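Engineer: Sharing data32.pdb here; it has PDB, C-alpha atoms.
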```pdb
ATOM      1  CA  MET G   1      -9.752  12.396 -16.564  1.00  0.00           C
ATOM      2  CA  LYS G   2      -6.465  14.126 -15.798  1.00  0.00           C
ATOM      3  CA  LYS G   3      -7.673  14.425 -12.205  1.00  0.00           C
ATOM      4  CA  GLY G   4      -7.729  10.609 -12.013  1.00  0.00           C
ATOM      5  CA  LEU G   5      -4.183  10.351 -13.322  1.00  0.00           C
ATOM      6  CA  VAL G   6      -3.007  12.962 -10.833  1.00  0.00           C
ATOM      7  CA  LEU G   7      -4.711  11.001  -8.051  1.00  0.00           C
ATOM      8  CA  VAL G   8      -2.967   7.777  -9.107  1.00  0.00           C
ATOM      9  CA  VAL G   9       0.408   9.497  -9.258  1.00  0.00           C
ATOM     10  CA  MET G  10      -0.165  11.047  -5.828  1.00  0.00           C
ATOM     11  CA  CYS G  11      -1.137   7.678  -4.329  1.00  0.00           C
ATOM     12  CA  VAL G  12       1.960   5.992  -5.713  1.00  0.00           C
ATOM     13  CA  ALA G  13       4.158   8.900  -4.611  1.00  0.00           C
ATOM     14  CA  MET G  14       2.753   8.749  -1.071  1.00  0.00           C
ATOM     15  CA  LEU G  15       3.219   4.977  -1.012  1.00  0.00           C
ATOM     16  CA  PHE G  16       6.905   5.289  -1.850  1.00  0.00           C
ATOM     17  CA  ALA G  17       7.665   8.712  -0.360  1.00  0.00           C
ATOM     18  CA  ALA G  18       9.525   7.405   2.666  1.00  0.00           C
ATOM     19  CA  ALA G  19      11.716   5.006   0.705  1.00  0.00           C
ATOM     20  CA  PRO G  20      14.489   7.429  -0.311  1.00  0.00           C
ATOM     21  CA  SER G  21      15.272   8.247   3.307  1.00  0.00           C
ATOM     22  CA  ALA G  22      17.541   5.250   3.590  1.00  0.00           C
ATOM     23  CA  SER G  23      19.682   4.456   6.567  1.00  0.00           C
ATOM     24  CA  ALA G  24      23.462   4.614   6.296  1.00  0.00           C
ATOM     25  CA  GLN G  25      23.827   0.916   5.531  1.00  0.00           C
ATOM     26  CA  ALA G  26      21.844  -0.550   2.648  1.00  0.00           C
ATOM     27  CA  PRO G  27      19.582  -3.450   3.647  1.00  0.00           C
ATOM     28  CA  SER G  28      20.932  -6.888   2.798  1.00  0.00           C
ATOM     29  CA  ASP G  29      19.177  -9.240   0.400  1.00  0.00           C
ATOM     30  CA  GLU G  30      18.240 -11.367   3.421  1.00  0.00           C
ATOM     31  CA  TYR G  31      16.675  -8.348   5.106  1.00  0.00           C
ATOM     32  CA  LYS G  32      14.648  -7.483   1.995  1.00  0.00           C
ATOM     33  CA  ALA G  33      13.516 -11.090   1.528  1.00  0.00           C
ATOM     34  CA  THR G  34      12.504 -11.357   5.193  1.00  0.00           C
ATOM     35  CA  LEU G  35      10.628  -8.074   4.969  1.00  0.00           C
ATOM     36  CA  GLU G  36       8.802  -9.241   1.850  1.00  0.00           C
ATOM     37  CA  LYS G  37       7.864 -12.476   3.627  1.00  0.00           C
ATOM     38  CA  MET G  38       6.631 -10.525   6.654  1.00  0.00           C
ATOM     39  CA  LEU G  39       4.556  -8.216   4.431  1.00  0.00           C
ATOM     40  CA  GLU G  40       3.059 -11.247   2.659  1.00  0.00           C
ATOM     41  CA  LEU G  41       2.269 -13.133   5.868  1.00  0.00           C
ATOM     42  CA  SER G  42       0.821 -10.063   7.578  1.00  0.00           C
ATOM     43  CA  GLY G  43      -1.665  -9.431   4.774  1.00  0.00           C
ATOM     44  CA  SER G  44      -0.158  -6.002   4.148  1.00  0.00           C
ATOM     45  CA  MET G  45       1.182  -7.056   0.765  1.00  0.00           C
ATOM     46  CA  ALA G  46      -2.227  -8.285  -0.385  1.00  0.00           C
ATOM     47  CA  SER G  47      -3.725  -4.931   0.528  1.00  0.00           C
ATOM     48  CA  ALA G  48      -0.975  -3.072  -1.332  1.00  0.00           C
ATOM     49  CA  LYS G  49      -1.198  -5.360  -4.366  1.00  0.00           C
ATOM     50  CA  ALA G  50      -4.939  -4.686  -4.560  1.00  0.00           C
ATOM     51  CA  MET G  51      -4.016  -1.141  -5.552  1.00  0.00           C
ATOM     52  CA  VAL G  52      -2.396  -2.302  -8.815  1.00  0.00           C
ATOM     53  CA  PRO G  53      -5.638  -3.106 -10.696  1.00  0.00           C
ATOM     54  CA  GLN G  54      -7.186   0.090  -9.346  1.00  0.00           C
ATOM     55  CA  MET G  55      -4.249   2.185 -10.567  1.00  0.00           C
ATOM     56  CA  ILE G  56      -4.243   0.415 -13.949  1.00  0.00           C
ATOM     57  CA  SER G  57      -7.979   0.986 -14.285  1.00  0.00           C
ATOM     58  CA  MET G  58      -7.541   4.709 -13.708  1.00  0.00           C
ATOM     59  CA  LEU G  59      -4.593   4.863 -16.102  1.00  0.00           C
ATOM     60  CA  LYS G  60      -6.574   3.033 -18.810  1.00  0.00           C
ATOM     61  CA  GLN G  61      -8.946   5.964 -18.924  1.00  0.00           C
ATOM     62  CA  GLN G  62      -6.035   8.195 -19.967  1.00  0.00           C
ATOM     63  CA  SER G  63      -4.942   6.047 -22.917  1.00  0.00           C
ATOM     64  CA  SER G  64      -6.276   4.408 -26.033  1.00  0.00           C
ATOM     65  CA  ALA G  65      -3.881   1.440 -25.786  1.00  0.00           C
ATOM     66  CA  SER G  66      -5.268  -2.001 -26.570  1.00  0.00           C
ATOM     67  CA  VAL G  67      -6.830  -4.320 -24.025  1.00  0.00           C
ATOM     68  CA  SER G  68      -3.992  -6.805 -24.549  1.00  0.00           C
ATOM     69  CA  PHE G  69      -1.443  -4.068 -23.755  1.00  0.00           C
ATOM     70  CA  TRP G  70      -3.199  -3.225 -20.500  1.00  0.00           C
ATOM     71  CA  ASP G  71      -3.602  -6.896 -19.572  1.00  0.00           C
ATOM     72  CA  GLY G  72       0.132  -7.482 -20.076  1.00  0.00           C
ATOM     73  CA  PHE G  73       1.089  -4.289 -18.261  1.00  0.00           C
ATOM     74  CA  GLN G  74      -1.095  -5.173 -15.294  1.00  0.00           C
ATOM     75  CA  LYS G  75       0.201  -8.754 -15.180  1.00  0.00           C
ATOM     76  CA  LYS G  76       3.807  -7.486 -15.201  1.00  0.00           C
ATOM     77  CA  TRP G  77       3.172  -5.119 -12.292  1.00  0.00           C
ATOM     78  CA  GLU G  78       1.184  -7.662 -10.316  1.00  0.00           C
ATOM     79  CA  GLY G  79       4.240  -9.916 -10.589  1.00  0.00           C
ATOM     80  CA  THR G  80       6.835  -7.333  -9.576  1.00  0.00           C
ATOM     81  CA  PHE G  81       4.952  -5.006  -7.254  1.00  0.00           C
ATOM     82  CA  GLY G  82       5.659  -6.979  -4.066  1.00  0.00           C
ATOM     83  CA  SER G  83       9.408  -7.231  -4.520  1.00  0.00           C
ATOM     84  CA  LYS G  84       9.651  -3.568  -5.583  1.00  0.00           C
ATOM     85  CA  LEU G  85       7.611  -2.542  -2.548  1.00  0.00           C
ATOM     86  CA  ALA G  86       9.847  -4.538  -0.199  1.00  0.00           C
ATOM     87  CA  GLU G  87      12.948  -3.104  -1.899  1.00  0.00           C
ATOM     88  CA  LEU G  88      11.740   0.456  -1.368  1.00  0.00           C
ATOM     89  CA  TYR G  89      10.423  -0.109   2.157  1.00  0.00           C
ATOM     90  CA  ALA G  90      13.498  -1.986   3.400  1.00  0.00           C
ATOM     91  CA  PRO G  91      15.553   1.137   4.293  1.00  0.00           C
ATOM     92  CA  VAL G  92      12.613   2.543   6.237  1.00  0.00           C
ATOM     93  CA  TYR G  93      11.966  -0.680   8.148  1.00  0.00           C
ATOM     94  CA  GLN G  94      15.697  -1.090   8.790  1.00  0.00           C
ATOM     95  CA  LYS G  95      15.715   2.196  10.700  1.00  0.00           C
ATOM     96  CA  TYR G  96      13.300   0.725  13.231  1.00  0.00           C
ATOM     97  CA  LEU G  97      13.582  -3.066  13.064  1.00  0.00           C
ATOM     98  CA  THR G  98      16.574  -5.375  12.940  1.00  0.00           C
ATOM     99  CA  LEU G  99      16.705  -8.527  10.849  1.00  0.00           C
ATOM    100  CA  ASP G 100      16.205 -10.472  14.078  1.00  0.00           C
ATOM    101  CA  ASP G 101      13.083  -8.390  14.825  1.00  0.00           C
ATOM    102  CA  LEU G 102      11.669  -9.208  11.379  1.00  0.00           C
ATOM    103  CA  LYS G 103      12.398 -12.900  11.845  1.00  0.00           C
ATOM    104  CA  LYS G 104      10.474 -12.873  15.139  1.00  0.00           C
ATOM    105  CA  ILE G 105       7.559 -11.068  13.496  1.00  0.00           C
ATOM    106  CA  VAL G 106       7.578 -13.678  10.702  1.00  0.00           C
ATOM    107  CA  ALA G 107       7.540 -16.425  13.357  1.00  0.00           C
ATOM    108  CA  PHE G 108       4.459 -14.798  14.894  1.00  0.00           C
ATOM    109  CA  TYR G 109       2.706 -14.613  11.511  1.00  0.00           C
ATOM    110  CA  GLU G 110       3.498 -18.295  10.954  1.00  0.00           C
ATOM    111  CA  SER G 111       1.675 -19.180  14.207  1.00  0.00           C
ATOM    112  CA  PRO G 112      -2.060 -20.029  14.079  1.00  0.00           C
ATOM    113  CA  VAL G 113      -3.176 -16.652  15.453  1.00  0.00           C
ATOM    114  CA  GLY G 114      -0.676 -14.843  13.221  1.00  0.00           C
ATOM    115  CA  LYS G 115      -2.035 -16.688  10.169  1.00  0.00           C
ATOM    116  CA  LYS G 116      -5.552 -15.712  11.187  1.00  0.00           C
ATOM    117  CA  LEU G 117      -4.518 -12.069  11.578  1.00  0.00           C
ATOM    118  CA  GLY G 118      -2.656 -12.087   8.246  1.00  0.00           C
ATOM    119  CA  ALA G 119      -5.588 -13.647   6.413  1.00  0.00           C
ATOM    120  CA  SER G 120      -8.024 -11.170   7.967  1.00  0.00           C
ATOM    121  CA  THR G 121      -5.942  -8.018   7.470  1.00  0.00           C
ATOM    122  CA  PRO G 122      -6.958  -7.196   3.860  1.00  0.00           C
ATOM    123  CA  ALA G 123     -10.673  -7.495   4.694  1.00  0.00           C
ATOM    124  CA  MET G 124     -10.242  -5.488   7.893  1.00  0.00           C
ATOM    125  CA  MET G 125      -8.365  -2.790   6.001  1.00  0.00           C
ATOM    126  CA  ALA G 126     -11.084  -2.631   3.326  1.00  0.00           C
ATOM    127  CA  GLU G 127     -13.779  -2.305   5.994  1.00  0.00           C
ATOM    128  CA  GLY G 128     -11.645   0.227   7.848  1.00  0.00           C
ATOM    129  CA  MET G 129     -11.339   2.347   4.709  1.00  0.00           C
ATOM    130  CA  GLN G 130     -15.130   2.360   4.371  1.00  0.00           C
ATOM    131  CA  ILE G 131     -15.442   3.467   7.993  1.00  0.00           C
ATOM    132  CA  GLY G 132     -12.818   6.157   7.376  1.00  0.00           C
ATOM    133  CA  GLN G 133     -14.718   7.401   4.334  1.00  0.00           C
ATOM    134  CA  LYS G 134     -17.933   7.516   6.340  1.00  0.00           C
ATOM    135  CA  LEU G 135     -16.203   9.468   9.112  1.00  0.00           C
ATOM    136  CA  GLY G 136     -14.664  11.796   6.539  1.00  0.00           C
ATOM    137  CA  MET G 137     -18.109  12.493   5.088  1.00  0.00           C
ATOM    138  CA  GLU G 138     -19.441  13.202   8.575  1.00  0.00           C
ATOM    139  CA  ILE G 139     -16.608  15.676   9.204  1.00  0.00           C
ATOM    140  CA  ALA G 140     -17.153  17.347   5.821  1.00  0.00           C
ATOM    141  CA  THR G 141     -20.902  17.632   6.443  1.00  0.00           C
ATOM    142  CA  GLU G 142     -20.376  19.138   9.893  1.00  0.00           C
ATOM    143  CA  LEU G 143     -17.776  21.548   8.531  1.00  0.00           C
ATOM    144  CA  GLN G 144     -20.122  22.641   5.786  1.00  0.00           C
ATOM    145  CA  GLN G 145     -22.947  23.190   8.297  1.00  0.00           C
ATOM    146  CA  GLU G 146     -20.733  25.201  10.632  1.00  0.00           C
ATOM    147  CA  LEU G 147     -19.418  27.355   7.794  1.00  0.00           C
ATOM    148  CA  GLN G 148     -22.964  28.007   6.603  1.00  0.00           C
ATOM    149  CA  ALA G 149     -23.996  28.925  10.138  1.00  0.00           C
ATOM    150  CA  GLN G 150     -21.211  31.503  10.211  1.00  0.00           C
ATOM    151  CA  GLY G 151     -22.237  32.809   6.790  1.00  0.00           C
ATOM    152  CA  LYS G 152     -19.023  31.757   5.068  1.00  0.00           C
TER     153      LYS G 152
END
```
How does the structure come out when it is put into structure tokens?
Structural biologist:
Amino acid sequence: MKKGLVLVVMCVAMLFAAAPSASAQAPSDEYKATLEKMLELSGSMASAKAMVPQMISMLKQQSSASVSFWDGFQKKWEGTFGSKLAELYAPVYQKYLTLDDLKKIVAFYESPVGKKLGASTPAMMAEGMQIGQKLGMEIATELQQELQAQGK
């Protein structure tokens, strides 16, 4: 079970790893709000938020806390995860995109095709992860076969 907790911690650490490398000027509240809106409209936020119940589920296995505790804990994080994510990502995005850039991206995601892309992104990402897992298994199988062929 500790392996599961380590995996959760690693996933969260990787998710936020780039955040401390902030640019010289801290992002404004407007920048953070625009980024959060862009992440919501693009479907990226929905994909990220889907990790919360998965992380909580893995953490539950490490604790004997009550169901009501876990329900409240999960509800709290589902409510704050998006704004915390945008807060941590803002310095990274600010290195590469101006506020004006974000506003133009938001305008795209508010268009009909942008809405379609944003609505489809979580499903496409889920399917893409399945494809990635399948490819990973293929690579692992081939590696194992080649190592066996070499007697290693």
Engineer: Run the PyMOL selection byres ((chain G and resi 126) around 12) mentally over the shown coordinates, then write out the matched residues as JSON, numbers by chain, using the chain letters and numbers from the document.
Structural biologist: {"G": [43, 44, 46, 47, 48, 50, 51, 120, 121, 122, 123, 124, 125, 127, 128, 129, 130, 131, 132, 133]}
Engineer: As a check of understanding, name the residues that the PyMOL selection byres ((chain G and resi 103) around 12) selects in the supplied structure, as a PDB file with C-alpha atoms, in the frame of the given file.
Structural biologist:
```pdb
ATOM      1  CA  GLU G  30      18.240 -11.367   3.421  1.00  0.00           C
ATOM      2  CA  TYR G  31      16.675  -8.348   5.106  1.00  0.00           C
ATOM      3  CA  LYS G  32      14.648  -7.483   1.995  1.00  0.00           C
ATOM      4  CA  ALA G  33      13.516 -11.090   1.528  1.00  0.00           C
ATOM      5  CA  THR G  34      12.504 -11.357   5.193  1.00  0.00           C
ATOM      6  CA  LEU G  35      10.628  -8.074   4.969  1.00  0.00           C
ATOM      7  CA  GLU G  36       8.802  -9.241   1.850  1.00  0.00           C
ATOM      8  CA  LYS G  37       7.864 -12.476   3.627  1.00  0.00           C
ATOM      9  CA  MET G  38       6.631 -10.525   6.654  1.00  0.00           C
ATOM     10  CA  LEU G  39       4.556  -8.216   4.431  1.00  0.00           C
ATOM     11  CA  LEU G  41       2.269 -13.133   5.868  1.00  0.00           C
ATOM     12  CA  LEU G  97      13.582  -3.066  13.064  1.00  0.00           C
ATOM     13  CA  THR G  98      16.574  -5.375  12.940  1.00  0.00           C
ATOM     14  CA  LEU G  99      16.705  -8.527  10.849  1.00  0.00           C
ATOM     15  CA  ASP G 100      16.205 -10.472  14.078  1.00  0.00           C
ATOM     16  CA  ASP G 101      13.083  -8.390  14.825  1.00  0.00           C
ATOM     17  CA  LEU G 102      11.669  -9.208  11.379  1.00  0.00           C
ATOM     18  CA  LYS G 104      10.474 -12.873  15.139  1.00  0.00           C
ATOM     19  CA  ILE G 105       7.559 -11.068  13.496  1.00  0.00           C
ATOM     20  CA  VAL G 106       7.578 -13.678  10.702  1.00  0.00           C
ATOM     21  CA  ALA G 107       7.540 -16.425  13.357  1.00  0.00           C
ATOM     22  CA  PHE G 108       4.459 -14.798  14.894  1.00  0.00           C
ATOM     23  CA  TYR G 109       2.706 -14.613  11.511  1.00  0.00           C
ATOM     24  CA  GLU G 110       3.498 -18.295  10.954  1.00  0.00           C
TER      25      GLU G 110
END
```
Engineer: Separation of CA of Ile56 in chain G and CA of Gly72 in chain G, in Å?
Structural biologist: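 Spanning CA of Ile56 in chain G to CA of Gly72 in chain G is a straight-line distance of 10.9 Å.
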Engineer: For CA of Gln74 in chain G and CA of Glu87 in chain G, quote the distance in Å rounded to one decimal.
Structural biologist: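 Computing it gives 19.5 Å between the two atoms.
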Engineer: Quick one: residues within 10 Å of (-6.7, -6.2, -16.0) (file frame), counting all atoms listed in the file, please, as an MDAnalysis selection string.
Structural biologist: chainID G and resid 52:54 56:57 60 67:75 78
Engineer: In Å to one decimal, how far is CA of Ser28 in chain G from CA of Gly114 in chain G?
Structural biologist: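 Separating CA of Gly114 in chain G from CA of Ser28 in chain G is a distance of 25.3 Å.
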Engineer: Between G:Ala140, G:Leu147, G:Ala26, G:Met45, which is the closest to Gly82 in chain G once you count all atoms listed in the file?
Structural biologist: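 Looking only at the distances to Gly82 in chain G, the closest residue turns out to be G:Met45.
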Engineer: With distances taken over all atoms listed in the file, which residue among G:Gln62, G:Lys134, G:Lys76, G:Ser42 lies nearest Gly118 in chain G?
Structural biologist: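 Among G:Gln62, G:Lys134, G:Lys76, G:Ser42, it is G:Ser42 that comes nearest to Gly118 in chain G.
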Engineer: Listed atoms of range 83-98 of chain G, axis-aligned box, 5 Å per side: centre and edge lengths to one decimal in Å, as lines of an AutoDock Vina configuration file?
Structural biologist:
```
center_x = 12.1
center_y = -2.3
center_z = 3.8
size_x = 19.0
size_y = 19.8
size_z = 28.8
```
Engineer: Could you add N, CA and C atoms to range 85-109 of chain G and give me the result as an mmCIF file, in the coordinates of the input?
Structural biologist:
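What ended up in part_26.cif:
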```cif
data_model
loop_
_atom_site.group_PDB
_atom_site.id
_atom_site.type_symbol
_atom_site.label_atom_id
_atom_site.label_comp_id
_atom_site.auth_asym_id
_atom_site.auth_seq_id
_atom_site.Cartn_x
_atom_site.Cartn_y
_atom_site.Cartn_z
ATOM 1 N N LEU G 85 8.075 -3.168 -3.777
ATOM 2 C CA LEU G 85 7.611 -2.542 -2.548
ATOM 3 C C LEU G 85 8.563 -2.868 -1.396
ATOM 4 N N ALA G 86 8.920 -4.131 -1.266
ATOM 5 C CA ALA G 86 9.847 -4.538 -0.199
ATOM 6 C C ALA G 86 11.205 -3.865 -0.382
ATOM 7 N N GLU G 87 11.665 -3.758 -1.608
ATOM 8 C CA GLU G 87 12.948 -3.104 -1.899
ATOM 9 C C GLU G 87 12.924 -1.646 -1.434
ATOM 10 N N LEU G 88 11.839 -0.957 -1.728
ATOM 11 C CA LEU G 88 11.740 0.456 -1.368
ATOM 12 C C LEU G 88 11.473 0.672 0.118
ATOM 13 N N TYR G 89 10.739 -0.237 0.729
ATOM 14 C CA TYR G 89 10.423 -0.109 2.157
ATOM 15 C C TYR G 89 11.559 -0.557 3.064
ATOM 16 N N ALA G 90 12.448 -1.409 2.558
ATOM 17 C CA ALA G 90 13.498 -1.986 3.400
ATOM 18 C C ALA G 90 14.318 -0.941 4.156
ATOM 19 N N PRO G 91 14.774 0.150 3.520
ATOM 20 C CA PRO G 91 15.553 1.137 4.293
ATOM 21 C C PRO G 91 14.748 1.773 5.426
ATOM 22 N N VAL G 92 13.464 1.949 5.197
ATOM 23 C CA VAL G 92 12.613 2.543 6.237
ATOM 24 C C VAL G 92 12.470 1.565 7.398
ATOM 25 N N TYR G 93 12.122 0.325 7.097
ATOM 26 C CA TYR G 93 11.966 -0.680 8.148
ATOM 27 C C TYR G 93 13.279 -0.884 8.894
ATOM 28 N N GLN G 94 14.402 -0.840 8.165
ATOM 29 C CA GLN G 94 15.697 -1.090 8.790
ATOM 30 C C GLN G 94 16.042 -0.028 9.830
ATOM 31 N N LYS G 95 15.490 1.159 9.692
ATOM 32 C CA LYS G 95 15.715 2.196 10.700
ATOM 33 C C LYS G 95 15.124 1.800 12.041
ATOM 34 N N TYR G 96 14.070 1.009 12.012
ATOM 35 C CA TYR G 96 13.300 0.725 13.231
ATOM 36 C C TYR G 96 13.351 -0.738 13.673
ATOM 37 N N LEU G 97 13.603 -1.642 12.739
ATOM 38 C CA LEU G 97 13.582 -3.066 13.064
ATOM 39 C C LEU G 97 14.839 -3.756 12.540
ATOM 40 N N THR G 98 15.422 -4.588 13.372
ATOM 41 C CA THR G 98 16.574 -5.375 12.940
ATOM 42 C C THR G 98 16.090 -6.591 12.163
ATOM 43 N N LEU G 99 17.033 -7.280 11.535
ATOM 44 C CA LEU G 99 16.705 -8.527 10.849
ATOM 45 C C LEU G 99 16.129 -9.526 11.843
ATOM 46 N N ASP G 100 16.710 -9.568 13.038
ATOM 47 C CA ASP G 100 16.205 -10.472 14.078
ATOM 48 C C ASP G 100 14.765 -10.122 14.457
ATOM 49 N N ASP G 101 14.460 -8.822 14.546
ATOM 50 C CA ASP G 101 13.083 -8.390 14.825
ATOM 51 C C ASP G 101 12.134 -8.923 13.751
ATOM 52 N N LEU G 102 12.517 -8.741 12.479
ATOM 53 C CA LEU G 102 11.669 -9.208 11.379
ATOM 54 C C LEU G 102 11.456 -10.715 11.445
ATOM 55 N N LYS G 103 12.515 -11.440 11.750
ATOM 56 C CA LYS G 103 12.398 -12.900 11.845
ATOM 57 C C LYS G 103 11.413 -13.303 12.945
ATOM 58 N N LYS G 104 11.413 -12.583 14.052
ATOM 59 C CA LYS G 104 10.474 -12.873 15.139
ATOM 60 C C LYS G 104 9.047 -12.518 14.736
ATOM 61 N N ILE G 105 8.896 -11.443 13.982
ATOM 62 C CA ILE G 105 7.559 -11.068 13.496
ATOM 63 C C ILE G 105 7.058 -12.133 12.520
ATOM 64 N N VAL G 106 7.939 -12.607 11.636
ATOM 65 C CA VAL G 106 7.578 -13.678 10.702
ATOM 66 C C VAL G 106 7.148 -14.916 11.484
ATOM 67 N N ALA G 107 7.897 -15.257 12.537
ATOM 68 C CA ALA G 107 7.540 -16.425 13.357
ATOM 69 C C ALA G 107 6.138 -16.254 13.944
ATOM 70 N N PHE G 108 5.813 -15.047 14.384
ATOM 71 C CA PHE G 108 4.459 -14.798 14.894
ATOM 72 C C PHE G 108 3.430 -15.040 13.792
ATOM 73 N N TYR G 109 3.678 -14.472 12.598
ATOM 74 C CA TYR G 109 2.706 -14.613 11.511
ATOM 75 C C TYR G 109 2.601 -16.047 10.995
#
```
